[in-house]
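Visitor: So here's model_4.pdb (PDB, N, CA and C atoms and all ligand atoms).
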```pdb
ATOM      1  N   MET E   1      11.853   3.021 -19.102  1.00  0.00           N
ATOM      2  CA  MET E   1      12.486   3.874 -18.090  1.00  0.00           C
ATOM      3  C   MET E   1      11.721   3.761 -16.777  1.00  0.00           C
ATOM      4  N   GLU E   2      12.465   3.586 -15.741  1.00  0.00           N
ATOM      5  CA  GLU E   2      11.822   3.470 -14.440  1.00  0.00           C
ATOM      6  C   GLU E   2      11.515   4.866 -13.890  1.00  0.00           C
ATOM      7  N   ILE E   3      10.316   5.034 -13.469  1.00  0.00           N
ATOM      8  CA  ILE E   3       9.954   6.332 -12.907  1.00  0.00           C
ATOM      9  C   ILE E   3      10.220   6.292 -11.400  1.00  0.00           C
ATOM     10  N   LYS E   4      11.014   7.225 -10.944  1.00  0.00           N
ATOM     11  CA  LYS E   4      11.318   7.290  -9.519  1.00  0.00           C
ATOM     12  C   LYS E   4      10.211   8.055  -8.823  1.00  0.00           C
ATOM     13  N   GLU E   5       9.570   7.399  -7.906  1.00  0.00           N
ATOM     14  CA  GLU E   5       8.557   8.122  -7.156  1.00  0.00           C
ATOM     15  C   GLU E   5       8.945   8.116  -5.690  1.00  0.00           C
ATOM     16  N   PRO E   6       8.601   9.161  -4.991  1.00  0.00           N
ATOM     17  CA  PRO E   6       8.936   9.181  -3.575  1.00  0.00           C
ATOM     18  C   PRO E   6       8.107   8.124  -2.849  1.00  0.00           C
ATOM     19  N   PRO E   7       8.686   7.460  -1.869  1.00  0.00           N
ATOM     20  CA  PRO E   7       7.909   6.434  -1.174  1.00  0.00           C
ATOM     21  C   PRO E   7       6.760   7.044  -0.374  1.00  0.00           C
ATOM     22  N   LEU E   8       5.756   6.235  -0.216  1.00  0.00           N
ATOM     23  CA  LEU E   8       4.609   6.651   0.587  1.00  0.00           C
ATOM     24  C   LEU E   8       5.013   6.533   2.057  1.00  0.00           C
ATOM     25  N   CYS E   9       5.743   5.456   2.325  1.00  0.00           N
ATOM     26  CA  CYS E   9       6.270   5.230   3.662  1.00  0.00           C
ATOM     27  C   CYS E   9       7.784   5.361   3.594  1.00  0.00           C
ATOM     28  N   TYR E  10       8.300   6.395   4.194  1.00  0.00           N
ATOM     29  CA  TYR E  10       9.737   6.652   4.131  1.00  0.00           C
ATOM     30  C   TYR E  10      10.524   5.663   4.971  1.00  0.00           C
ATOM     31  N   CYS E  11       9.988   5.250   6.067  1.00  0.00           N
ATOM     32  CA  CYS E  11      10.715   4.336   6.955  1.00  0.00           C
ATOM     33  C   CYS E  11      11.019   3.022   6.259  1.00  0.00           C
ATOM     34  N   THR E  12      10.085   2.512   5.500  1.00  0.00           N
ATOM     35  CA  THR E  12      10.289   1.207   4.851  1.00  0.00           C
ATOM     36  C   THR E  12      10.485   1.351   3.350  1.00  0.00           C
ATOM     37  N   ARG E  13      10.505   2.587   2.879  1.00  0.00           N
ATOM     38  CA  ARG E  13      10.672   2.862   1.447  1.00  0.00           C
ATOM     39  C   ARG E  13       9.596   2.172   0.612  1.00  0.00           C
ATOM     40  N   THR E  14       8.414   2.122   1.124  1.00  0.00           N
ATOM     41  CA  THR E  14       7.306   1.511   0.382  1.00  0.00           C
ATOM     42  C   THR E  14       6.641   2.564  -0.487  1.00  0.00           C
ATOM     43  N   THR E  15       6.582   2.266  -1.768  1.00  0.00           N
ATOM     44  CA  THR E  15       5.944   3.216  -2.679  1.00  0.00           C
ATOM     45  C   THR E  15       4.489   2.815  -2.898  1.00  0.00           C
ATOM     46  N   ALA E  16       3.740   3.772  -3.409  1.00  0.00           N
ATOM     47  CA  ALA E  16       2.343   3.482  -3.741  1.00  0.00           C
ATOM     48  C   ALA E  16       2.297   2.382  -4.792  1.00  0.00           C
ATOM     49  N   ALA E  17       3.237   2.435  -5.735  1.00  0.00           N
ATOM     50  CA  ALA E  17       3.272   1.431  -6.808  1.00  0.00           C
ATOM     51  C   ALA E  17       3.446   0.028  -6.224  1.00  0.00           C
ATOM     52  N   LYS E  18       4.271  -0.071  -5.214  1.00  0.00           N
ATOM     53  CA  LYS E  18       4.507  -1.382  -4.603  1.00  0.00           C
ATOM     54  C   LYS E  18       3.218  -1.904  -3.959  1.00  0.00           C
ATOM     55  N   ILE E  19       2.534  -1.013  -3.297  1.00  0.00           N
ATOM     56  CA  ILE E  19       1.280  -1.408  -2.645  1.00  0.00           C
ATOM     57  C   ILE E  19       0.252  -1.833  -3.698  1.00  0.00           C
ATOM     58  N   LEU E  20       0.155  -1.068  -4.766  1.00  0.00           N
ATOM     59  CA  LEU E  20      -0.794  -1.395  -5.829  1.00  0.00           C
ATOM     60  C   LEU E  20      -0.455  -2.747  -6.452  1.00  0.00           C
ATOM     61  N   ASN E  21       0.833  -2.989  -6.595  1.00  0.00           N
ATOM     62  CA  ASN E  21       1.295  -4.261  -7.132  1.00  0.00           C
ATOM     63  C   ASN E  21       0.864  -5.433  -6.263  1.00  0.00           C
ATOM     64  N   LEU E  22       1.040  -5.270  -4.975  1.00  0.00           N
ATOM     65  CA  LEU E  22       0.689  -6.338  -4.041  1.00  0.00           C
ATOM     66  C   LEU E  22      -0.806  -6.619  -4.091  1.00  0.00           C
ATOM     67  N   ILE E  23      -1.584  -5.562  -4.199  1.00  0.00           N
ATOM     68  CA  ILE E  23      -3.038  -5.736  -4.265  1.00  0.00           C
ATOM     69  C   ILE E  23      -3.393  -6.482  -5.552  1.00  0.00           C
ATOM     70  N   GLU E  24      -2.712  -6.123  -6.601  1.00  0.00           N
ATOM     71  CA  GLU E  24      -2.941  -6.784  -7.880  1.00  0.00           C
ATOM     72  C   GLU E  24      -2.617  -8.274  -7.779  1.00  0.00           C
ATOM     73  N   GLN E  25      -1.573  -8.561  -7.007  1.00  0.00           N
ATOM     74  CA  GLN E  25      -1.151  -9.955  -6.863  1.00  0.00           C
ATOM     75  C   GLN E  25      -2.029 -10.735  -5.900  1.00  0.00           C
ATOM     76  N   GLY E  26      -3.024 -10.092  -5.352  1.00  0.00           N
ATOM     77  CA  GLY E  26      -3.985 -10.837  -4.545  1.00  0.00           C
ATOM     78  C   GLY E  26      -4.006 -10.535  -3.061  1.00  0.00           C
ATOM     79  N   LYS E  27      -3.162  -9.627  -2.601  1.00  0.00           N
ATOM     80  CA  LYS E  27      -3.258  -9.247  -1.187  1.00  0.00           C
ATOM     81  C   LYS E  27      -4.570  -8.492  -1.036  1.00  0.00           C
ATOM     82  N   ASN E  28      -5.380  -8.944  -0.104  1.00  0.00           N
ATOM     83  CA  ASN E  28      -6.672  -8.272  -0.048  1.00  0.00           C
ATOM     84  C   ASN E  28      -7.084  -7.793   1.327  1.00  0.00           C
ATOM     85  N   SER E  29      -6.078  -7.488   2.133  1.00  0.00           N
ATOM     86  CA  SER E  29      -6.416  -6.811   3.376  1.00  0.00           C
ATOM     87  C   SER E  29      -5.294  -5.860   3.764  1.00  0.00           C
ATOM     88  N   LEU E  30      -5.676  -4.878   4.528  1.00  0.00           N
ATOM     89  CA  LEU E  30      -4.722  -3.866   4.972  1.00  0.00           C
ATOM     90  C   LEU E  30      -3.619  -4.550   5.783  1.00  0.00           C
ATOM     91  N   GLU E  31      -4.026  -5.494   6.594  1.00  0.00           N
ATOM     92  CA  GLU E  31      -3.098  -6.222   7.449  1.00  0.00           C
ATOM     93  C   GLU E  31      -2.029  -6.944   6.619  1.00  0.00           C
ATOM     94  N   ASP E  32      -2.509  -7.575   5.562  1.00  0.00           N
ATOM     95  CA  ASP E  32      -1.624  -8.302   4.661  1.00  0.00           C
ATOM     96  C   ASP E  32      -0.571  -7.386   4.063  1.00  0.00           C
ATOM     97  N   ILE E  33      -1.008  -6.235   3.623  1.00  0.00           N
ATOM     98  CA  ILE E  33      -0.121  -5.265   2.992  1.00  0.00           C
ATOM     99  C   ILE E  33       0.902  -4.770   4.013  1.00  0.00           C
ATOM    100  N   ILE E  34       0.428  -4.485   5.207  1.00  0.00           N
ATOM    101  CA  ILE E  34       1.320  -3.974   6.242  1.00  0.00           C
ATOM    102  C   ILE E  34       2.325  -5.046   6.652  1.00  0.00           C
ATOM    103  N   ASN E  35       1.864  -6.271   6.773  1.00  0.00           N
ATOM    104  CA  ASN E  35       2.766  -7.361   7.134  1.00  0.00           C
ATOM    105  C   ASN E  35       3.821  -7.592   6.066  1.00  0.00           C
ATOM    106  N   THR E  36       3.452  -7.415   4.824  1.00  0.00           N
ATOM    107  CA  THR E  36       4.385  -7.653   3.733  1.00  0.00           C
ATOM    108  C   THR E  36       5.383  -6.524   3.570  1.00  0.00           C
ATOM    109  N   THR E  37       4.916  -5.294   3.669  1.00  0.00           N
ATOM    110  CA  THR E  37       5.791  -4.158   3.387  1.00  0.00           C
ATOM    111  C   THR E  37       6.403  -3.554   4.652  1.00  0.00           C
ATOM    112  N   GLY E  38       5.738  -3.728   5.759  1.00  0.00           N
ATOM    113  CA  GLY E  38       6.192  -3.097   6.991  1.00  0.00           C
ATOM    114  C   GLY E  38       5.743  -1.638   7.078  1.00  0.00           C
ATOM    115  N   ALA E  39       5.054  -1.178   6.026  1.00  0.00           N
ATOM    116  CA  ALA E  39       4.590   0.215   6.011  1.00  0.00           C
ATOM    117  C   ALA E  39       3.725   0.502   7.236  1.00  0.00           C
ATOM    118  N   THR E  40       3.884   1.661   7.782  1.00  0.00           N
ATOM    119  CA  THR E  40       3.195   2.176   8.980  1.00  0.00           C
ATOM    120  C   THR E  40       3.776   1.635  10.295  1.00  0.00           C
ATOM    121  N   THR E  41       4.736   0.722  10.217  1.00  0.00           N
ATOM    122  CA  THR E  41       5.240   0.133  11.453  1.00  0.00           C
ATOM    123  C   THR E  41       6.471   0.860  12.009  1.00  0.00           C
ATOM    124  N   GLY E  42       6.937   1.877  11.257  1.00  0.00           N
ATOM    125  CA  GLY E  42       8.074   2.651  11.754  1.00  0.00           C
ATOM    126  C   GLY E  42       7.576   3.808  12.596  1.00  0.00           C
ATOM    127  N   CYS E  43       7.672   4.993  12.035  1.00  0.00           N
ATOM    128  CA  CYS E  43       7.267   6.189  12.774  1.00  0.00           C
ATOM    129  C   CYS E  43       5.747   6.355  12.803  1.00  0.00           C
ATOM    130  N   GLY E  44       5.086   5.687  11.853  1.00  0.00           N
ATOM    131  CA  GLY E  44       3.623   5.789  11.805  1.00  0.00           C
ATOM    132  C   GLY E  44       3.118   7.024  11.087  1.00  0.00           C
ATOM    133  N   GLY E  45       4.036   7.823  10.617  1.00  0.00           N
ATOM    134  CA  GLY E  45       3.655   9.073   9.964  1.00  0.00           C
ATOM    135  C   GLY E  45       2.914   8.887   8.647  1.00  0.00           C
ATOM    136  N   CYS E  46       3.061   7.709   8.057  1.00  0.00           N
ATOM    137  CA  CYS E  46       2.433   7.476   6.764  1.00  0.00           C
ATOM    138  C   CYS E  46       1.088   6.776   6.913  1.00  0.00           C
ATOM    139  N   ASP E  47       0.723   6.518   8.125  1.00  0.00           N
ATOM    140  CA  ASP E  47      -0.495   5.773   8.431  1.00  0.00           C
ATOM    141  C   ASP E  47      -1.693   6.183   7.589  1.00  0.00           C
ATOM    142  N   TYR E  48      -1.994   7.454   7.621  1.00  0.00           N
ATOM    143  CA  TYR E  48      -3.174   7.954   6.938  1.00  0.00           C
ATOM    144  C   TYR E  48      -3.101   7.672   5.441  1.00  0.00           C
ATOM    145  N   GLU E  49      -1.971   7.971   4.832  1.00  0.00           N
ATOM    146  CA  GLU E  49      -1.805   7.785   3.387  1.00  0.00           C
ATOM    147  C   GLU E  49      -1.902   6.321   2.995  1.00  0.00           C
ATOM    148  N   VAL E  50      -1.254   5.477   3.767  1.00  0.00           N
ATOM    149  CA  VAL E  50      -1.237   4.050   3.433  1.00  0.00           C
ATOM    150  C   VAL E  50      -2.648   3.465   3.572  1.00  0.00           C
ATOM    151  N   VAL E  51      -3.289   3.756   4.668  1.00  0.00           N
ATOM    152  CA  VAL E  51      -4.643   3.224   4.895  1.00  0.00           C
ATOM    153  C   VAL E  51      -5.583   3.722   3.810  1.00  0.00           C
ATOM    154  N   LYS E  52      -5.463   4.988   3.481  1.00  0.00           N
ATOM    155  CA  LYS E  52      -6.342   5.573   2.465  1.00  0.00           C
ATOM    156  C   LYS E  52      -6.144   4.873   1.120  1.00  0.00           C
ATOM    157  N   LEU E  53      -4.912   4.707   0.722  1.00  0.00           N
ATOM    158  CA  LEU E  53      -4.620   4.084  -0.577  1.00  0.00           C
ATOM    159  C   LEU E  53      -5.110   2.637  -0.615  1.00  0.00           C
ATOM    160  N   VAL E  54      -4.795   1.898   0.417  1.00  0.00           N
ATOM    161  CA  VAL E  54      -5.169   0.478   0.429  1.00  0.00           C
ATOM    162  C   VAL E  54      -6.698   0.340   0.418  1.00  0.00           C
ATOM    163  N   GLU E  55      -7.372   1.107   1.236  1.00  0.00           N
ATOM    164  CA  GLU E  55      -8.833   0.999   1.290  1.00  0.00           C
ATOM    165  C   GLU E  55      -9.452   1.375  -0.042  1.00  0.00           C
ATOM    166  N   GLN E  56      -8.923   2.403  -0.623  1.00  0.00           N
ATOM    167  CA  GLN E  56      -9.422   2.876  -1.915  1.00  0.00           C
ATOM    168  C   GLN E  56      -9.260   1.790  -2.981  1.00  0.00           C
ATOM    169  N   GLU E  57      -8.104   1.164  -3.002  1.00  0.00           N
ATOM    170  CA  GLU E  57      -7.843   0.142  -4.014  1.00  0.00           C
ATOM    171  C   GLU E  57      -8.652  -1.120  -3.769  1.00  0.00           C
ATOM    172  N   LEU E  58      -8.750  -1.509  -2.513  1.00  0.00           N
ATOM    173  CA  LEU E  58      -9.519  -2.719  -2.208  1.00  0.00           C
ATOM    174  C   LEU E  58     -10.978  -2.507  -2.552  1.00  0.00           C
ATOM    175  N   ASN E  59     -11.452  -1.315  -2.341  1.00  0.00           N
ATOM    176  CA  ASN E  59     -12.832  -0.957  -2.685  1.00  0.00           C
ATOM    177  C   ASN E  59     -13.067  -1.088  -4.170  1.00  0.00           C
ATOM    178  N   LYS E  60     -12.132  -0.554  -4.926  1.00  0.00           N
ATOM    179  CA  LYS E  60     -12.223  -0.615  -6.390  1.00  0.00           C
ATOM    180  C   LYS E  60     -12.296  -2.059  -6.826  1.00  0.00           C
ATOM    181  N   LYS E  61     -11.406  -2.861  -6.261  1.00  0.00           N
ATOM    182  CA  LYS E  61     -11.297  -4.264  -6.624  1.00  0.00           C
ATOM    183  C   LYS E  61     -12.599  -4.994  -6.328  1.00  0.00           C
ATOM    184  N   GLU E  62     -13.162  -4.690  -5.189  1.00  0.00           N
ATOM    185  CA  GLU E  62     -14.414  -5.308  -4.784  1.00  0.00           C
ATOM    186  C   GLU E  62     -15.512  -5.063  -5.806  1.00  0.00           C
ATOM    187  N   HIS E  63     -15.504  -3.852  -6.317  1.00  0.00           N
ATOM    188  CA  HIS E  63     -16.535  -3.496  -7.294  1.00  0.00           C
ATOM    189  C   HIS E  63     -16.300  -4.175  -8.632  1.00  0.00           C
ATOM    190  N   LEU E  64     -15.060  -4.549  -8.877  1.00  0.00           N
ATOM    191  CA  LEU E  64     -14.749  -5.165 -10.159  1.00  0.00           C
ATOM    192  C   LEU E  64     -14.992  -6.666 -10.140  1.00  0.00           C
ATOM    193  N   THR E  65     -14.871  -7.247  -8.947  1.00  0.00           N
ATOM    194  CA  THR E  65     -15.061  -8.695  -8.854  1.00  0.00           C
ATOM    195  C   THR E  65     -16.543  -9.022  -8.930  1.00  0.00           C
ATOM    196  N   PRO E  66     -16.913  -9.931  -9.794  1.00  0.00           N
ATOM    197  CA  PRO E  66     -18.318 -10.252  -9.935  1.00  0.00           C
ATOM    198  C   PRO E  66     -18.875 -10.966  -8.705  1.00  0.00           C
TER     199      PRO E  66
HETATM  200  S1  LIG E 101       6.919   6.766   7.083  1.00  0.00           S
HETATM  201 FE1  LIG E 101       5.848   4.913   7.209  1.00  0.00          FE
HETATM  202  S2  LIG E 101       6.259   4.206   9.213  1.00  0.00           S
HETATM  203 FE2  LIG E 101       7.448   6.022   9.039  1.00  0.00          FE
END
```
Write out the structure in this file as structure tokens.
Ligand code: FES
Guide:
Amino acid sequence: MEIKEPPLCYCTRTTAAKILNLIEQGKNSLEDIINTTGATTGCGGCDYEVVKLVEQELNKKEHLTP
């Protein structure tokens, strides 16, 4: 069953899950994520949430990579 979650970025309908997926697939910069999803490029209202999530995940990943 697909879980419907509200998007993190309403303008581009980007969900946190989508961002996490992209990071998993090897996107490793905030710029990359923004270029791929368009998140934060609309009204900018999601800026804080998107940046926070991406930085948090990239940080985690960094610690996991030997
Ligand atoms: S909600 Fe993300 S740019 Fe508007």
Visitor: Pick from E:Glu57, E:Asp47, E:Glu31, E:Glu5: nearest to ligand LIG 101 (chain E), with only N, CA and C atoms and all ligand atoms counted?
Guide: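 Residue with the minimum atom-to-atom distance to ligand LIG 101 (chain E): E:Asp47.
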Visitor: Taking (-0.4, 3.0, -5.9) in the file's coordinates, which residues come within 12 Å, counting only C-alpha atoms, written as a list of chain:residue names?
Guide: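 Residues close enough to count: E:Glu5, E:Pro6, E:Pro7, E:Leu8, E:Cys9, E:Thr14, E:Thr15, E:Ala16, E:Ala17, E:Lys18, E:Ile19, E:Leu20, E:Asn21, E:Leu22, E:Ile23, E:Glu24, E:Glu49, E:Val50, E:Val51, E:Lys52, E:Leu53, E:Val54, E:Glu55, E:Gln56, E:Glu57, E:Leu58.
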Visitor: With the file shown as input, list the residues that the PyMOL selection byres (((not hetatm)) within 6 of (chain E and resi 101)) selects, as a PyMOL selection string.
Guide: chain E and resi 8-12+39-47
Visitor: Could you work out how far atom CA of Thr37 of chain E lies from atom N of Glu62 of chain E, giving the answer in Å with one decimal?
Guide: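 Between atom N of Glu62 of chain E and atom CA of Thr37 of chain E the gap works out to 20.8 Å.
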Visitor: Can you tell me, as JSON, numbers by chain, which residues in chain E count as alpha helix (DSSP H) by DSSP?
Guide: {"E": [16, 17, 18, 19, 20, 21, 22, 23, 24, 30, 31, 32, 33, 34, 35, 36, 37, 47, 48, 49, 50, 51, 52, 53, 54, 55, 56, 57, 58, 59, 60, 61, 62, 63, 64]}
Visitor: Between atom N of Lys27 of chain E and atom C of Leu64 of chain E, what is the distance in Å, rounded to a tenth?
Guide: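 Separation of atom N of Lys27 of chain E and atom C of Leu64 of chain E: 14.3 Å.
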Visitor: Rounded to one decimal place, report the atom N of Arg13 of chain E-atom N of Ile33 of chain E distance in Å.
Guide: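 Distance between the two atoms: 14.5 Å.
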Visitor: Given 6 Å on each side, where is the centre and what are the edge lengths in Å to one decimal of the axis-aligned box enclosing the listed atoms of segment 31-40 of chain E, as lines of an AutoDock Vina configuration file?
Guide:
```
center_x = 1.2
center_y = -3.1
center_z = 6.6
size_x = 22.4
size_y = 22.5
size_z = 19.3
```
